[in-house]
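What follows is a set of notes on a single structure, which appears directly below.
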Amino acid sequence: MITGDPKEMLTAQLQPWHDAIANPAGAQKQVLPRLLADYARTTYGTEHDAAKVASTEDYRHAFPVATFDDFKPLIKRVMAGEVDLLLAEEPIGWAITRGTTSGESKFIPMTPTDLRMRVSAGRAMMNFVADTGRYDLFAGVNLNLNFPSVVGTIEVGDREVDYGYSSGIYTKHVSTFTPIRSRPTQDDIDALGGGKTMRDWEARFELAYQKCKDENVTLVGGVAPTTLRFARYLRRKHGLYPKDLWRTQIMTLGSVPGINTRYQPALTALYGPVVIREIYGTTEGIFGQQRDERRAWVPNYDLFFFEVTTRSGIKMLHEMRPGEMGSLIVSTPVLPRYQIGDLILALRPPYFRCIGRDRWWTPLLYAWHEFMSFNLGRL
């Protein structure tokens with residue numbers, strides 16, 4: 001439940017984003033010094049003269065572009081207890097990916113600053129409410145289909161720290177700052193354990209059904225493929241579709257390309273005529289979200305520092321031309337100049353799409369999916 005004037009709350013949450021979209025170059029100039037101040041408190045940042053960096057050019061000269069393989073040895077040392085090697089704060093948790101192309105999960109430390117920034121995932125929903133005036137959304141609940149926030153523990157120095165999936169950790173630590181209740185709670189989900197078998201997921205789906213069947217579900221948030229699996233489980237187990245139970249207003253979904261094109265027909269068939277908003281988030285952070293009915297996301301220029309590697313070299317994300325593609329380099333409170341491995345397509349400013357992993361065949365696959373979905377590159 002929210003207290004106070006909901007319009008004032010939405011303005012406070014959304015205005016920094018809107019201001020940054022209107023002036024991305026200015027926003028990025030403000031973000032970089034904040035990040036550098038944190039980097040200067042780490043051994044890695046000190047080794048790269050973070051305190052002496054005064055411009056984007058200095059930053060590029062001082063800090064190399066680095067992949068996860070480059071950071072992996074440092075992350076292992078952080079896990080062994082050398083926290084200040086890479087972090088300006090003690091980690092509040094460790095996030096794991098659901099498996100890379102090689103099948104190995106990545107471990108990413110999450111700090112208090114990092115977690116506070118993940119509140120931005122709610123901007124898509126909040127902007128929908130601000131634009132439509134549907135404040136009744138806050139009177140309902142969010143159907144929580146996220147992954148467990150606790151899968152196990154790891155030794156970090158002389159203490160044990162939980163690790164789990166980033167979406168679950170986000171929900172557990174940050175949902176209290178968002179104006180809608182989540183059901184089931186993340187503690188409810190975590191109590192079922194961190195298994196990944198079909199039986200484990202059916203237990204989570206049944207929990208979600210039992211917790212929400214008599215609730216007013218106005219929002220569904222999570223991973224797009226999981227929401228489809230949940231709907232099909234309901235049909236198989238209980239003879240119902242989500243649209244038979246709820247009049248959901250909006251779905252905020254992430255993790256895969258094509259949510260508004262390839263996935264949209266199945267989502268609306270199962271959940272009814274819902275508004276779909278895409279979240280561009282990864283284990284490393286929430287980097288953007290869909291602002292309006294245009295089927296693309298808008299970066300969080302006020303939170304992260306964005307660069308891309310293109311055919312013409314490295315440039316700022318906001319400097320990309322419509323139709324240009326590039327491999328994303330993002331600077332987070334934890335990872336400076338991190339080449340995340342995603343291929344970004346620039347559309348009409350300020351809109352972007354992540355079209356897949358940075359592989360030679362990704363543009364071809366994207367073009368095929370656009371043709372098959374009759375989207376043909378349209379916003």
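Identifiers in the structure tokens: chain A, B, ... in order shown; residue index from 1 per chain; ligand index from 1 in order shown.
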
Residue list (strand (DSSP E or B), DSSP) for range 310-352 of chain A, as a PyMOL selection string
chain A and resi 310+313-316+325-331+338-346+352

Excluding range 176-190 of chain A and its own-chain neighbours fewer than 5 positions away, which residues fall within 6 Å of it when counting only C-alpha atoms? Please give them as a PDB file with C-alpha atoms, in the first residue's frame.
ATOM      1  CA  MET A   1       0.000   0.000   0.000  1.00  0.00           C
ATOM      2  CA  ILE A   2       1.141   3.549  -0.633  1.00  0.00           C
ATOM      3  CA  PHE A 138      -1.810  -0.143  -6.515  1.00  0.00           C
ATOM      4  CA  VAL A 141      -1.132  -7.327  -6.034  1.00  0.00           C
ATOM      5  CA  ASN A 142       1.821  -8.294  -8.172  1.00  0.00           C
ATOM      6  CA  LEU A 143       1.843 -11.954  -9.178  1.00  0.00           C
ATOM      7  CA  ASN A 144       5.420 -12.821  -8.209  1.00  0.00           C
ATOM      8  CA  PRO A 148      14.440 -17.901  -5.644  1.00  0.00           C
ATOM      9  CA  ALA A 208       1.524 -18.684  -6.708  1.00  0.00           C
ATOM     10  CA  LYS A 211      -1.651 -17.292  -2.811  1.00  0.00           C
TER      11      LYS A 211
END

If you run DSSP on this backbone, which residues of range 76-121 of chain A come out as helix (DSSP H, G or I), and could you give them as a PDB file with N, CA and C atoms, in the first residue's frame?
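Written output follows (selection.pdb):
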ATOM      1  N   LYS A  76      36.528 -13.991  -7.934  1.00  0.00           N
ATOM      2  CA  LYS A  76      36.892 -15.123  -7.075  1.00  0.00           C
ATOM      3  C   LYS A  76      37.673 -14.657  -5.863  1.00  0.00           C
ATOM      4  N   ARG A  77      38.539 -13.656  -6.051  1.00  0.00           N
ATOM      5  CA  ARG A  77      39.296 -13.134  -4.922  1.00  0.00           C
ATOM      6  C   ARG A  77      38.384 -12.378  -3.954  1.00  0.00           C
ATOM      7  N   VAL A  78      37.372 -11.677  -4.477  1.00  0.00           N
ATOM      8  CA  VAL A  78      36.387 -11.028  -3.610  1.00  0.00           C
ATOM      9  C   VAL A  78      35.655 -12.082  -2.786  1.00  0.00           C
ATOM     10  N   MET A  79      35.284 -13.176  -3.430  1.00  0.00           N
ATOM     11  CA  MET A  79      34.599 -14.259  -2.723  1.00  0.00           C
ATOM     12  C   MET A  79      35.497 -14.872  -1.648  1.00  0.00           C
ATOM     13  N   VAL A  83      37.301  -8.103  -0.346  1.00  0.00           N
ATOM     14  CA  VAL A  83      36.126  -7.367  -0.781  1.00  0.00           C
ATOM     15  C   VAL A  83      36.488  -6.053  -1.456  1.00  0.00           C
ATOM     16  N   ASP A  84      37.422  -5.307  -0.874  1.00  0.00           N
ATOM     17  CA  ASP A  84      37.740  -3.986  -1.420  1.00  0.00           C
ATOM     18  C   ASP A  84      38.565  -4.051  -2.706  1.00  0.00           C
ATOM     19  N   LEU A  85      38.883  -5.239  -3.170  1.00  0.00           N
ATOM     20  CA  LEU A  85      39.545  -5.369  -4.458  1.00  0.00           C
ATOM     21  C   LEU A  85      38.675  -4.802  -5.577  1.00  0.00           C
ATOM     22  N   PRO A 112      24.583  -2.758  -1.506  1.00  0.00           N
ATOM     23  CA  PRO A 112      23.405  -1.946  -1.173  1.00  0.00           C
ATOM     24  C   PRO A 112      23.114  -0.880  -2.223  1.00  0.00           C
ATOM     25  N   THR A 113      24.143  -0.200  -2.733  1.00  0.00           N
ATOM     26  CA  THR A 113      23.928   0.810  -3.773  1.00  0.00           C
ATOM     27  C   THR A 113      23.335   0.190  -5.019  1.00  0.00           C
ATOM     28  N   ASP A 114      23.872  -0.950  -5.419  1.00  0.00           N
ATOM     29  CA  ASP A 114      23.388  -1.667  -6.595  1.00  0.00           C
ATOM     30  C   ASP A 114      21.914  -2.046  -6.430  1.00  0.00           C
ATOM     31  N   LEU A 115      21.559  -2.541  -5.269  1.00  0.00           N
ATOM     32  CA  LEU A 115      20.177  -2.959  -5.041  1.00  0.00           C
ATOM     33  C   LEU A 115      19.222  -1.772  -5.066  1.00  0.00           C
ATOM     34  N   ARG A 116      19.642  -0.646  -4.508  1.00  0.00           N
ATOM     35  CA  ARG A 116      18.772   0.534  -4.542  1.00  0.00           C
ATOM     36  C   ARG A 116      18.509   0.970  -5.985  1.00  0.00           C
ATOM     37  N   MET A 117      19.494   0.809  -6.841  1.00  0.00           N
ATOM     38  CA  MET A 117      19.323   1.191  -8.238  1.00  0.00           C
ATOM     39  C   MET A 117      18.335   0.283  -8.963  1.00  0.00           C
ATOM     40  N   ARG A 118      18.141  -0.921  -8.459  1.00  0.00           N
ATOM     41  CA  ARG A 118      17.232  -1.854  -9.115  1.00  0.00           C
ATOM     42  C   ARG A 118      15.763  -1.503  -8.910  1.00  0.00           C
ATOM     43  N   VAL A 119      15.492  -0.508  -8.049  1.00  0.00           N
ATOM     44  CA  VAL A 119      14.127   0.011  -7.944  1.00  0.00           C
ATOM     45  C   VAL A 119      13.649   0.507  -9.308  1.00  0.00           C
ATOM     46  N   SER A 120      14.602   0.870 -10.180  1.00  0.00           N
ATOM     47  CA  SER A 120      14.239   1.387 -11.495  1.00  0.00           C
ATOM     48  C   SER A 120      13.414   0.408 -12.303  1.00  0.00           C
ATOM     49  N   ALA A 121      13.438  -0.878 -11.968  1.00  0.00           N
ATOM     50  CA  ALA A 121      12.604  -1.847 -12.680  1.00  0.00           C
ATOM     51  C   ALA A 121      11.125  -1.496 -12.562  1.00  0.00           C
TER      52      ALA A 121
END

So which one's closest to Ser175 in chain A, A:Arg199, A:Gly122, A:His18, A:Lys29? Using only C-alpha atoms, please.
A:Gly122

Exercise: Ala367 in chain A partners within 10 Å, only C-alpha atoms, chain neighbours under 6 positions left out, as a PyMOL selection string:
chain A and resi 355+373+375-377

Suppose we keep N, CA and C atoms; can you now write the selection as a short mmCIF file (atom, residue, chain, number, x, y, z; two decimals), in the first residue's frame?
data_model
loop_
_atom_site.label_atom_id
_atom_site.label_comp_id
_atom_site.auth_asym_id
_atom_site.auth_seq_id
_atom_site.Cartn_x
_atom_site.Cartn_y
_atom_site.Cartn_z
N ILE A 355 18.75 -7.17 -29.08
CA ILE A 355 18.26 -8.16 -30.04
C ILE A 355 18.86 -9.54 -29.81
N SER A 373 7.00 -12.23 -37.39
CA SER A 373 6.00 -11.62 -36.52
C SER A 373 5.30 -10.43 -37.17
N ASN A 375 6.40 -7.65 -37.74
CA ASN A 375 6.74 -6.39 -37.07
C ASN A 375 7.56 -5.50 -37.98
N LEU A 376 8.56 -6.11 -38.64
CA LEU A 376 9.36 -5.42 -39.67
C LEU A 376 10.02 -4.14 -39.16
N GLY A 377 10.51 -4.22 -37.92
CA GLY A 377 11.27 -3.11 -37.37
C GLY A 377 10.46 -1.95 -36.84
#

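When CA of Gly281 in chain A is paired with CA of Val53 in chain A, their separation reads 28.0 Å.
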
Cut-off 9 Å: closest range 177-277 of chain A/range 286-292 of chain A atom pairs per residue, using only C-alpha atoms, as JSON lines:
{"residue": "A:Thr252", "atom": "CA", "partner": "A:Gln290", "partner_atom": "CA", "distance": 8.8}
{"residue": "A:Ile276", "atom": "CA", "partner": "A:Gln290", "partner_atom": "CA", "distance": 8.9}
{"residue": "A:Arg277", "atom": "CA", "partner": "A:Gln290", "partner_atom": "CA", "distance": 5.4}

Out of A:Ala25, A:Ala124, A:Val274, A:Leu86, which residue has the shortest atom-to-atom distance to Pro336 in chain A when counting only C-alpha atoms?
A:Leu86

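You will find CA of Tyr263 in chain A at 16.5 Å from CA of Tyr241 in chain A.
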
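Atom pair CA of Arg123 in chain A / CA of Ile21 in chain A has a distance of 13.1 Å (rounded to one decimal).
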